[in-house]
file work.txt (compact mmCIF, C-alpha atoms and all ligand atoms)
# COMPACT_ATOMS: atom_id res chain seq x y z
CA MET A 1 27.10 -9.98 13.52
CA LEU A 2 24.43 -7.63 14.88
CA VAL A 3 21.39 -7.05 12.67
CA LEU A 4 18.62 -4.52 13.29
CA GLY A 5 15.32 -5.85 11.91
CA ILE A 6 12.39 -3.65 10.89
CA GLU A 7 8.88 -4.99 10.19
CA SER A 8 5.83 -2.99 9.07
CA SER A 9 4.04 -5.13 6.51
CA CYS A 10 0.57 -5.16 8.10
CA ASP A 11 -0.68 -3.88 11.45
CA GLU A 12 2.37 -4.38 13.67
CA THR A 13 5.25 -1.91 13.85
CA ALA A 14 8.25 -3.86 15.06
CA ALA A 15 12.00 -3.54 15.51
CA ALA A 16 14.54 -5.96 16.97
CA VAL A 17 18.25 -6.54 17.34
CA VAL A 18 19.48 -10.10 16.79
CA GLU A 19 23.02 -11.39 17.18
CA SER A 20 24.32 -14.23 14.97
CA GLY A 21 20.83 -14.84 13.59
CA VAL A 22 19.52 -16.64 16.67
CA ARG A 23 20.20 -14.59 19.81
CA VAL A 24 17.52 -11.95 20.37
CA LEU A 25 18.97 -8.91 22.17
CA SER A 26 15.73 -6.96 21.93
CA SER A 27 12.34 -7.28 20.24
CA VAL A 28 9.70 -4.56 20.34
CA VAL A 29 6.27 -5.03 18.74
CA SER A 30 3.59 -2.36 18.71
CA SER A 31 0.23 -3.75 17.64
CA GLN A 32 -2.43 -1.54 16.04
CA ILE A 33 -5.23 -4.04 16.64
CA GLU A 34 -7.25 -1.67 18.84
CA LYS A 35 -7.20 1.04 16.12
CA HIS A 36 -8.65 -1.32 13.50
CA LYS A 37 -11.14 -3.17 15.74
CA PRO A 38 -14.08 -0.80 15.16
CA PHE A 39 -13.82 -1.52 11.40
CA GLY A 40 -13.68 -5.34 11.69
CA GLY A 41 -10.43 -5.57 9.70
CA VAL A 42 -7.18 -3.76 8.94
CA ILE A 43 -7.68 -0.38 7.19
CA PRO A 44 -4.55 0.19 5.05
CA GLU A 45 -4.55 4.00 5.31
CA ILE A 46 -4.83 3.90 9.11
CA ALA A 47 -2.12 1.22 9.26
CA ALA A 48 0.36 3.30 7.23
CA ARG A 49 -0.24 6.43 9.33
CA GLU A 50 0.16 4.48 12.58
CA HIS A 51 3.46 3.00 11.35
CA LEU A 52 4.62 6.50 10.48
CA SER A 53 3.97 7.87 13.95
CA ASN A 54 5.42 4.82 15.75
CA ILE A 55 8.40 3.62 13.79
CA GLY A 56 11.01 6.06 15.14
CA LEU A 57 10.03 5.32 18.73
CA ILE A 58 9.98 1.55 18.19
CA VAL A 59 13.41 1.45 16.53
CA ASN A 60 14.89 3.63 19.31
CA GLU A 61 13.36 1.36 21.94
CA ALA A 62 14.80 -1.77 20.28
CA LEU A 63 18.30 -0.21 20.19
CA ARG A 64 17.98 1.01 23.79
CA ASP A 65 16.75 -2.40 25.06
CA ALA A 66 19.75 -4.04 23.38
CA GLY A 67 22.08 -1.47 24.96
CA LEU A 68 23.30 -0.38 21.53
CA LYS A 69 23.57 2.64 19.26
CA LEU A 70 22.83 2.59 15.56
CA ALA A 71 26.57 2.78 14.87
CA ASP A 72 27.08 -0.58 16.68
CA VAL A 73 24.82 -2.44 14.25
CA ASP A 74 26.41 -4.29 11.28
CA ALA A 75 23.37 -4.30 8.97
CA ILE A 76 19.67 -3.46 8.77
CA SER A 77 17.17 -6.00 7.52
CA VAL A 78 13.68 -4.89 6.47
CA ALA A 79 10.51 -6.70 5.37
CA GLN A 80 10.03 -5.54 1.78
CA GLY A 81 6.84 -7.51 0.99
CA PRO A 82 4.33 -8.98 0.61
CA GLY A 83 2.03 -6.76 2.63
CA LEU A 84 0.13 -3.48 2.56
CA ILE A 85 2.01 -1.16 0.24
CA GLY A 86 1.61 2.00 2.36
CA SER A 87 2.74 0.14 5.48
CA LEU A 88 5.70 -1.48 3.72
CA LEU A 89 6.78 1.90 2.35
CA VAL A 90 7.03 3.34 5.86
CA GLY A 91 9.30 0.53 7.11
CA ALA A 92 11.37 0.32 3.92
CA SER A 93 11.87 4.09 3.67
CA PHE A 94 12.77 4.37 7.34
CA ALA A 95 15.24 1.47 7.07
CA LYS A 96 16.70 3.00 3.93
CA GLY A 97 17.21 6.34 5.70
CA LEU A 98 18.86 4.70 8.71
CA ALA A 99 21.16 2.57 6.57
CA PHE A 100 22.16 5.63 4.56
CA LYS A 101 22.82 7.67 7.70
CA ALA A 102 24.87 4.95 9.41
CA ASP A 103 26.50 3.85 6.15
CA ILE A 104 25.69 0.18 6.75
CA PRO A 105 24.21 -2.43 4.37
CA LEU A 106 20.46 -2.78 3.96
CA ILE A 107 19.05 -6.29 3.48
CA PRO A 108 15.48 -6.39 2.09
CA VAL A 109 13.72 -9.70 2.88
CA ASN A 110 10.46 -11.46 2.10
CA HIS A 111 8.03 -11.25 5.03
CA VAL A 112 6.41 -14.69 4.56
CA ILE A 113 9.74 -16.52 4.38
CA GLY A 114 10.85 -14.34 7.28
CA HIS A 115 8.33 -16.17 9.49
CA ILE A 116 10.42 -19.36 9.12
CA TYR A 117 13.28 -17.69 11.00
CA GLY A 118 10.98 -17.10 13.98
CA ALA A 119 11.34 -20.84 14.64
CA LEU A 120 15.15 -20.68 14.50
CA LEU A 121 15.44 -17.95 17.14
CA GLY A 122 16.83 -19.36 20.34
CA LEU A 123 18.43 -22.39 18.65
CA ALA A 124 22.14 -22.72 19.24
CA ASP A 125 23.83 -21.11 16.23
CA GLN A 126 25.70 -24.33 15.48
CA ASP A 127 22.44 -26.31 15.18
CA VAL A 128 21.51 -24.23 12.20
CA ILE A 129 24.93 -23.87 10.67
CA SER A 130 25.93 -27.50 11.13
CA LYS A 131 23.06 -28.46 8.80
CA GLU A 132 21.88 -31.11 11.24
CA ILE A 133 18.31 -29.99 10.81
CA PHE A 134 18.39 -29.91 6.99
CA PRO A 135 16.52 -30.68 4.80
CA VAL A 136 13.80 -28.83 6.72
CA LEU A 137 10.15 -29.12 5.71
CA ALA A 138 8.96 -25.61 6.62
CA LEU A 139 5.32 -24.60 6.86
CA VAL A 140 4.33 -20.95 7.19
CA VAL A 141 0.77 -20.89 8.41
CA SER A 142 -0.43 -17.33 8.96
CA GLY A 143 -3.37 -15.05 8.30
CA GLY A 144 -2.45 -14.57 4.66
CA HIS A 145 -0.46 -17.67 3.73
CA THR A 146 -0.32 -21.44 4.04
CA ASN A 147 3.00 -22.11 2.33
CA LEU A 148 5.07 -25.27 2.54
CA TYR A 149 8.77 -25.09 1.61
CA ILE A 150 11.69 -27.47 1.51
CA MET A 151 14.93 -25.94 2.76
CA ASN A 152 18.23 -27.63 2.02
CA SER A 153 20.15 -24.84 3.75
CA SER A 154 19.36 -21.83 5.88
CA VAL A 155 18.83 -19.63 2.80
CA GLU A 156 17.20 -21.96 0.27
CA HIS A 157 13.40 -22.13 0.23
CA ARG A 158 11.68 -24.11 -2.50
CA LEU A 159 7.90 -23.65 -2.45
CA LEU A 160 6.16 -27.07 -2.50
CA ALA A 161 2.54 -26.12 -1.80
CA HIS A 162 0.46 -23.04 -1.07
CA SER A 163 -3.15 -22.12 -0.37
CA VAL A 164 -5.29 -21.53 -3.44
CA ASP A 165 -8.12 -19.71 -1.64
CA ASP A 166 -8.42 -18.75 2.06
CA ALA A 167 -5.27 -19.21 4.14
CA CYS A 168 -5.58 -21.34 7.29
CA GLY A 169 -5.42 -18.36 9.70
CA GLU A 170 -7.89 -16.46 7.53
CA ALA A 171 -10.36 -19.36 7.86
CA PHE A 172 -9.89 -19.27 11.67
CA ASP A 173 -10.62 -15.52 11.62
CA LYS A 174 -13.72 -15.87 9.42
CA VAL A 175 -15.19 -18.73 11.47
CA ALA A 176 -14.47 -16.74 14.66
CA LYS A 177 -16.28 -13.73 13.18
CA LEU A 178 -19.31 -15.94 12.45
CA PHE A 179 -19.34 -16.91 16.15
CA GLY A 180 -19.18 -13.22 17.13
CA TYR A 181 -15.51 -13.11 18.24
CA SER A 182 -13.27 -10.21 17.33
CA TYR A 183 -10.10 -10.24 15.22
CA PRO A 184 -7.78 -12.13 15.43
CA GLY A 185 -10.09 -15.09 15.93
CA GLY A 186 -7.52 -17.92 16.02
CA PRO A 187 -6.81 -17.80 19.75
CA GLU A 188 -10.56 -17.65 20.54
CA ILE A 189 -11.28 -20.70 18.38
CA GLU A 190 -8.44 -22.59 20.08
CA ARG A 191 -9.72 -21.63 23.53
CA VAL A 192 -13.34 -22.64 22.92
CA ALA A 193 -12.41 -25.81 20.96
CA ALA A 194 -10.37 -27.02 23.95
CA THR A 195 -13.57 -27.11 26.02
CA TRP A 196 -15.12 -29.77 23.73
CA GLN A 197 -13.91 -33.37 24.22
CA LYS A 198 -16.88 -35.25 22.75
CA GLU A 199 -18.04 -36.24 19.27
CA LEU A 200 -17.06 -34.02 16.34
CA ILE A 201 -19.26 -32.88 13.48
CA LYS A 202 -18.20 -34.43 10.17
CA MET A 203 -16.45 -31.85 7.98
CA PRO A 204 -15.52 -32.15 4.29
CA LYS A 205 -12.07 -33.70 3.79
CA MET A 206 -10.26 -30.99 1.89
CA VAL A 207 -7.74 -31.74 -0.83
CA ALA A 208 -8.15 -35.45 -0.25
CA LYS A 209 -6.34 -36.55 -3.41
CA LYS A 210 -2.64 -37.13 -2.92
CA SER A 211 -1.87 -35.62 -6.29
CA ASP A 212 -3.36 -32.26 -5.29
CA LEU A 213 -0.41 -30.48 -3.76
CA PHE A 214 -2.10 -27.35 -2.51
CA PHE A 215 -4.01 -26.11 0.53
CA SER A 216 -7.63 -25.04 0.45
CA TYR A 217 -9.74 -23.66 3.31
CA SER A 218 -12.74 -21.96 1.74
CA GLY A 219 -14.74 -25.24 1.50
CA LEU A 220 -14.23 -25.92 5.20
CA LYS A 221 -15.21 -22.35 6.08
CA THR A 222 -18.40 -22.71 3.99
CA ALA A 223 -19.22 -26.07 5.63
CA VAL A 224 -18.97 -24.43 9.08
CA MET A 225 -21.12 -21.53 7.87
CA ASN A 226 -23.78 -23.90 6.48
CA THR A 227 -23.96 -25.87 9.75
CA TRP A 228 -24.25 -22.58 11.65
CA LEU A 229 -27.03 -21.22 9.42
CA LYS A 230 -29.00 -24.51 9.55
CA THR A 231 -29.01 -24.34 13.35
CA ALA A 232 -31.83 -22.44 15.05
CA PRO A 233 -30.49 -19.07 16.30
CA GLU A 234 -31.34 -19.90 19.92
CA SER A 235 -29.23 -23.12 19.77
CA ARG A 236 -26.18 -21.62 18.08
CA GLY A 237 -24.44 -20.50 21.28
CA SER A 238 -24.30 -24.04 22.66
CA LEU A 239 -23.08 -25.36 19.29
CA ILE A 240 -19.95 -23.16 19.27
CA PRO A 241 -17.55 -25.45 21.23
CA GLN A 242 -18.40 -28.52 19.12
CA LEU A 243 -18.32 -26.61 15.82
CA ALA A 244 -15.05 -24.84 16.73
CA ALA A 245 -13.41 -28.16 17.67
CA SER A 246 -14.68 -29.86 14.50
CA PHE A 247 -13.39 -26.98 12.36
CA GLN A 248 -10.00 -26.90 14.08
CA GLU A 249 -9.46 -30.67 13.75
CA ALA A 250 -10.36 -30.58 10.04
CA ALA A 251 -8.12 -27.54 9.45
CA PHE A 252 -5.14 -29.26 11.07
CA ASP A 253 -5.91 -32.66 9.51
CA GLN A 254 -5.24 -31.09 6.12
CA ILE A 255 -1.88 -29.75 7.33
CA ILE A 256 -0.82 -33.09 8.84
CA ARG A 257 -1.84 -35.02 5.70
CA LYS A 258 0.09 -32.63 3.45
CA ILE A 259 3.19 -32.73 5.63
CA LYS A 260 3.01 -36.55 5.61
CA ILE A 261 2.94 -36.65 1.82
CA PHE A 262 6.14 -34.60 1.58
CA PHE A 263 7.68 -36.23 4.62
CA GLU A 264 7.43 -39.63 2.99
CA SER A 265 8.64 -38.34 -0.39
CA SER A 266 12.12 -38.42 -1.89
CA LEU A 267 12.79 -35.02 -0.29
CA THR A 268 13.73 -36.92 2.93
CA PRO A 269 13.27 -34.06 5.40
CA LYS A 270 15.13 -34.40 8.70
CA SER A 271 12.99 -31.91 10.58
CA ILE A 272 9.62 -30.18 10.42
CA LEU A 273 9.33 -26.45 11.08
CA VAL A 274 6.01 -24.67 11.57
CA ALA A 275 5.88 -20.86 11.77
CA GLY A 276 3.44 -17.95 11.48
CA GLY A 277 0.52 -16.88 13.67
CA VAL A 278 -1.26 -20.27 13.63
CA ALA A 279 1.93 -21.98 14.89
CA ALA A 280 0.97 -20.56 18.31
CA ASN A 281 -1.89 -23.10 18.46
CA LYS A 282 -1.14 -25.77 21.09
CA ARG A 283 -3.44 -28.34 19.50
CA LEU A 284 -1.43 -28.11 16.26
CA ALA A 285 1.82 -28.64 18.18
CA ALA A 286 0.32 -31.64 20.00
CA LEU A 287 -0.89 -33.22 16.75
CA LEU A 288 2.52 -32.75 15.12
CA LYS A 289 4.25 -34.37 18.11
CA THR A 290 1.87 -37.35 17.98
CA GLU A 291 2.11 -37.83 14.21
CA PHE A 292 5.89 -37.35 13.93
CA PRO A 293 7.22 -38.63 17.28
CA ASN A 294 10.77 -39.30 16.08
CA THR A 295 11.27 -36.13 14.09
CA GLN A 296 12.77 -32.88 15.32
CA LEU A 297 9.99 -30.31 15.41
CA LEU A 298 10.98 -26.67 15.20
CA LEU A 299 8.24 -24.43 16.56
CA PRO A 300 8.66 -20.73 17.38
CA HIS A 301 8.37 -19.33 20.87
CA PRO A 302 4.86 -17.74 21.04
CA ALA A 303 6.47 -14.27 20.89
CA TYR A 304 7.87 -15.06 17.43
CA CYS A 305 4.80 -16.72 15.84
CA SER A 306 2.96 -13.60 14.79
CA ASP A 307 4.56 -10.61 13.07
CA ASN A 308 7.79 -9.45 14.72
CA ALA A 309 11.10 -7.98 13.62
CA ALA A 310 13.42 -10.54 15.25
CA MET A 311 12.51 -13.02 12.49
CA ILE A 312 13.30 -10.34 9.88
CA ALA A 313 16.69 -9.62 11.48
CA SER A 314 17.44 -13.35 11.63
CA TYR A 315 16.63 -13.88 7.94
CA GLY A 316 18.84 -10.89 7.08
CA TYR A 317 21.69 -12.41 9.08
CA PHE A 318 21.53 -15.76 7.27
CA LEU A 319 21.46 -14.02 3.88
CA ALA A 320 24.46 -11.89 4.84
CA LYS A 321 26.27 -14.94 6.19
CA GLU A 322 25.75 -16.74 2.89
CA LYS A 323 26.46 -13.87 0.48
CA GLY A 324 28.56 -11.52 2.59
CA LEU A 325 27.56 -7.95 3.33
CA GLU A 326 29.03 -6.47 0.14
CA PRO A 327 26.11 -7.31 -2.22
CA PHE A 328 23.82 -5.39 0.12
CA ARG A 329 25.96 -2.26 0.27
CA LYS A 330 24.74 -1.16 -3.15
CA ASN A 331 21.30 -0.80 -1.60
CA ASN A 332 22.69 2.33 0.06
CA ASP A 333 23.50 3.85 -3.27
CA TRP A 334 20.24 5.71 -3.71
CA SER A 335 19.47 9.25 -4.51
CA CYS A 336 16.54 10.46 -2.43
CA PHE A 337 14.25 9.88 -5.45
CA SER A 338 15.48 6.38 -6.35
CA ARG A 339 12.84 3.73 -6.74
CA TYR A 340 12.53 0.95 -4.21
CA VAL A 341 11.86 -2.43 -5.79
CA PHE A 342 9.08 -4.35 -4.04
CA GLN A 343 8.62 -8.07 -4.57
O1 LIG B 1 1.59 -14.43 11.13
P1 LIG B 1 0.48 -13.54 11.56
O2 LIG B 1 0.63 -12.72 12.80
O3 LIG B 1 0.08 -12.51 10.46
C1 LIG B 1 0.19 -12.70 9.11
O4 LIG B 1 1.33 -12.45 8.57
O5 LIG B 1 -0.83 -13.11 8.53
O6 LIG B 1 -0.79 -14.50 11.70
C2 LIG B 1 -2.03 -14.04 12.14
C3 LIG B 1 -3.00 -15.20 12.04
C4 LIG B 1 -4.43 -14.78 12.28
O7 LIG B 1 -5.23 -15.33 11.27
C5 LIG B 1 -4.74 -15.39 13.64
O8 LIG B 1 -6.10 -15.72 13.83
C6 LIG B 1 -3.89 -16.64 13.60
O9 LIG B 1 -2.68 -16.21 13.01
N1 LIG B 1 -3.65 -17.18 14.95
C7 LIG B 1 -4.09 -18.38 15.37
C8 LIG B 1 -3.70 -18.50 16.72
N2 LIG B 1 -3.03 -17.37 17.08
C9 LIG B 1 -3.01 -16.55 15.96
N3 LIG B 1 -4.76 -19.34 14.74
C10 LIG B 1 -5.07 -20.45 15.42
N4 LIG B 1 -4.74 -20.64 16.72
C11 LIG B 1 -4.07 -19.69 17.42
N5 LIG B 1 -3.74 -19.88 18.70
ZN ZN B 2 3.13 -12.34 8.97

call {"tool": "encode", "arguments": {"input": "work.txt", "output": "structure tokens", "more": "lines below"}}
Ligand code: KG4
Ligand code: ZN
result
Amino acid sequence: MLVLGIESSCDETAAAVVESGVRVLSSVVSSQIEKHKPFGGVIPEIAAREHLSNIGLIVNEALRDAGLKLADVDAISVAQGPGLIGSLLVGASFAKGLAFKADIPLIPVNHVIGHIYGALLGLADQDVISKEIFPVLALVVSGGHTNLYIMNSSVEHRLLAHSVDDACGEAFDKVAKLFGYSYPGGPEIERVAATWQKELIKMPKMVAKKSDLFFSYSGLKTAVMNTWLKTAPESRGSLIPQLAASFQEAAFDQIIRKIKIFFESSLTPKSILVAGGVAANKRLAALLKTEFPNTQLLLPHPAYCSDNAAMIASYGYFLAKEKGLEPFRKNNDWSCFSRYVFQ
């Protein structure tokens, strides 16, 4: 089955064609980062207008790279939320129009859960279907979410824990901003933290109680900020590597501790999957490998950590495989004024 994926939930316009949920035939991502940089964050109105001018080109490029025409595709999968409403509307409306024109099913999917499928891309199809990896303990660690799910099959996702304040990636971005780095700050923090191999600054141990099954990053962010502000301005530059490394270790310590709690629980996960922008961090991958040496770790290729449409196409495929394409055909039954339901 060939699925065309469309993603426009934040500041990336993306389209991809994926075969059988795991084989990427094409993946095109157009980032708007440069457009938003002068403002220090994503401006929703600019994002929506950029999606509007790019989406046709990006979808055409994805079809061309895959050597296909729209008529060759079996279904279209689109990120329907969460995200910026104006941006989502561009992708959803475009996908809706294409599906209507080609008379093929439209599969709306959740963007955050979509990240999980980024880690399944490239796996042999049978690995996923044969259930050898299930139950999967799946962590989506991105700029907006720190969500931990248990998956008993490729389409079941039960939320176990989520962030109650700043998400992990958001904390990386805010700490990076404090140090004077531009958005997204995660890669900069990773780079500078890797240069520090000596003693770490003690950070508060977040969500230390086992019974607290949530993630929290605002306390850690504030602790970094307080250390920064207490340091004389002329000494701050030389403090950055140590403070970045101390922050990063504390941020990942919370993730490892939380995974351990669920790993040792009655859920009996067989594998651990980490997805989303922060999954690109090599220190996180190294810590997971050290802490869970005998467990299959599913980590996305760097190209599928941050927002992309291949993960959206893959999620659409697994939904269609489970339910069949028929339930999604009714999504084509719109008049041009019909409402689109966002989750
Ligand atoms: O998944 P994503 O592209 O967007 C959301 O859906 O939020 O994630 C972006 C987040 C940003 O906060 C960015 O700083 C973080 O992922 N990130 C990283 C790294 N690369 C991206 N955080 C830590 N280390 C990295 N190497
Ligand atoms: Zn995302």

call {"tool": "residues_around", "arguments": {"input": "work.txt", "residues": "segment 28-35 of chain A", "least_positions_apart": "2", "cutoff": "6 Å", "atoms": "all atoms listed in the file", "output": "PyMOL selection string"}}
result
chain A and resi 11-15+37+62

call {"tool": "closest_residue", "arguments": {"input": "work.txt", "among": "A:Met225, A:Ala275, A:Leu70, A:Leu121", "to": "ligand LIG 1 (chain B)", "atoms": "all atoms listed in the file"}}
result
A:Ala275

call {"tool": "residues_near_ligand", "arguments": {"input": "work.txt", "ligand": "ligand ZN 2 (chain B)", "cutoff": "12 Å", "atoms": "all atoms listed in the file", "output": "ChimeraX atom specification"}}
result
/A:7-14,79,81-84,110-118,140-147,167,169-170,275-279,304-309,311-312

call {"tool": "closest_residue", "arguments": {"input": "work.txt", "among": "A:Ser182, A:Gln254, A:Ser27, A:Gln242", "to": "ligand LIG 1 (chain B)", "atoms": "only C-alpha atoms and all ligand atoms"}}
result
A:Ser182

call {"tool": "closest_residue", "arguments": {"input": "work.txt", "among": "A:Val274, A:Val59, A:Leu243, A:Ile150", "to": "ligand LIG 1 (chain B)", "atoms": "all atoms listed in the file"}}
result
A:Val274

call {"tool": "atom_distance", "arguments": {"input": "work.txt", "atom1": "atom CA of Ser53 of chain A", "atom2": "atom CA of Lys96 of chain A"}}
result
16.9 Å

call {"tool": "closest_residue", "arguments": {"input": "work.txt", "among": "A:Ser87, A:Asn226, A:Gln248, A:Ser20", "to": "ligand LIG 1 (chain B)", "atoms": "only C-alpha atoms and all ligand atoms"}}
result
A:Gln248

call {"tool": "closest_residue", "arguments": {"input": "work.txt", "among": "A:Val155, A:Ser238, A:Pro293, A:Lys270", "to": "Lys323 of chain A", "atoms": "all atoms listed in the file"}}
result
A:Val155

call {"tool": "build_atoms", "arguments": {"input": "work.txt", "residues": "segment 29-43 of chain A", "atoms": "N, CA, C and O atoms", "output": "short mmCIF file (atom, residue, chain, number, x, y, z; two decimals), keeping the file's coordinate frame"}}
result
data_model
loop_
_atom_site.label_atom_id
_atom_site.label_comp_id
_atom_site.auth_asym_id
_atom_site.auth_seq_id
_atom_site.Cartn_x
_atom_site.Cartn_y
_atom_site.Cartn_z
N VAL A 29 7.39 -4.93 19.69
CA VAL A 29 6.27 -5.03 18.74
C VAL A 29 5.15 -4.12 19.22
O VAL A 29 4.71 -4.23 20.36
N SER A 30 4.72 -3.22 18.36
CA SER A 30 3.59 -2.36 18.71
C SER A 30 2.42 -2.74 17.82
O SER A 30 2.49 -2.59 16.60
N SER A 31 1.37 -3.29 18.43
CA SER A 31 0.23 -3.75 17.64
C SER A 31 -0.80 -2.63 17.48
O SER A 31 -1.05 -1.86 18.40
N GLN A 32 -1.40 -2.56 16.30
CA GLN A 32 -2.43 -1.54 16.04
C GLN A 32 -3.84 -2.10 16.16
O GLN A 32 -4.80 -1.43 15.79
N ILE A 33 -3.93 -3.34 16.67
CA ILE A 33 -5.23 -4.04 16.64
C ILE A 33 -6.38 -3.19 17.15
O ILE A 33 -7.45 -3.13 16.52
N GLU A 34 -6.17 -2.47 18.25
CA GLU A 34 -7.25 -1.67 18.84
C GLU A 34 -7.75 -0.58 17.87
O GLU A 34 -8.93 -0.26 17.86
N LYS A 35 -6.83 -0.03 17.07
CA LYS A 35 -7.20 1.04 16.12
C LYS A 35 -8.11 0.51 15.00
O LYS A 35 -8.91 1.24 14.44
N HIS A 36 -7.90 -0.77 14.64
CA HIS A 36 -8.65 -1.32 13.50
C HIS A 36 -9.94 -2.04 13.93
O HIS A 36 -10.81 -2.30 13.11
N LYS A 37 -10.01 -2.37 15.24
CA LYS A 37 -11.14 -3.17 15.74
C LYS A 37 -12.50 -2.62 15.34
O LYS A 37 -13.36 -3.38 14.88
N PRO A 38 -12.73 -1.31 15.49
CA PRO A 38 -14.08 -0.80 15.16
C PRO A 38 -14.49 -1.07 13.72
O PRO A 38 -15.68 -1.06 13.39
N PHE A 39 -13.52 -1.33 12.83
CA PHE A 39 -13.82 -1.52 11.40
C PHE A 39 -13.91 -3.00 11.02
O PHE A 39 -14.22 -3.33 9.88
N GLY A 40 -13.57 -3.90 11.95
CA GLY A 40 -13.68 -5.34 11.69
C GLY A 40 -12.59 -5.87 10.77
O GLY A 40 -12.69 -6.96 10.23
N GLY A 41 -11.55 -5.12 10.55
CA GLY A 41 -10.43 -5.57 9.70
C GLY A 41 -9.40 -4.45 9.62
O GLY A 41 -9.65 -3.34 10.09
N VAL A 42 -8.26 -4.75 9.01
CA VAL A 42 -7.18 -3.76 8.94
C VAL A 42 -7.46 -2.74 7.83
O VAL A 42 -7.70 -3.11 6.68
N ILE A 43 -7.46 -1.46 8.18
CA ILE A 43 -7.68 -0.38 7.19
C ILE A 43 -6.29 0.12 6.75
O ILE A 43 -5.55 0.69 7.57
#
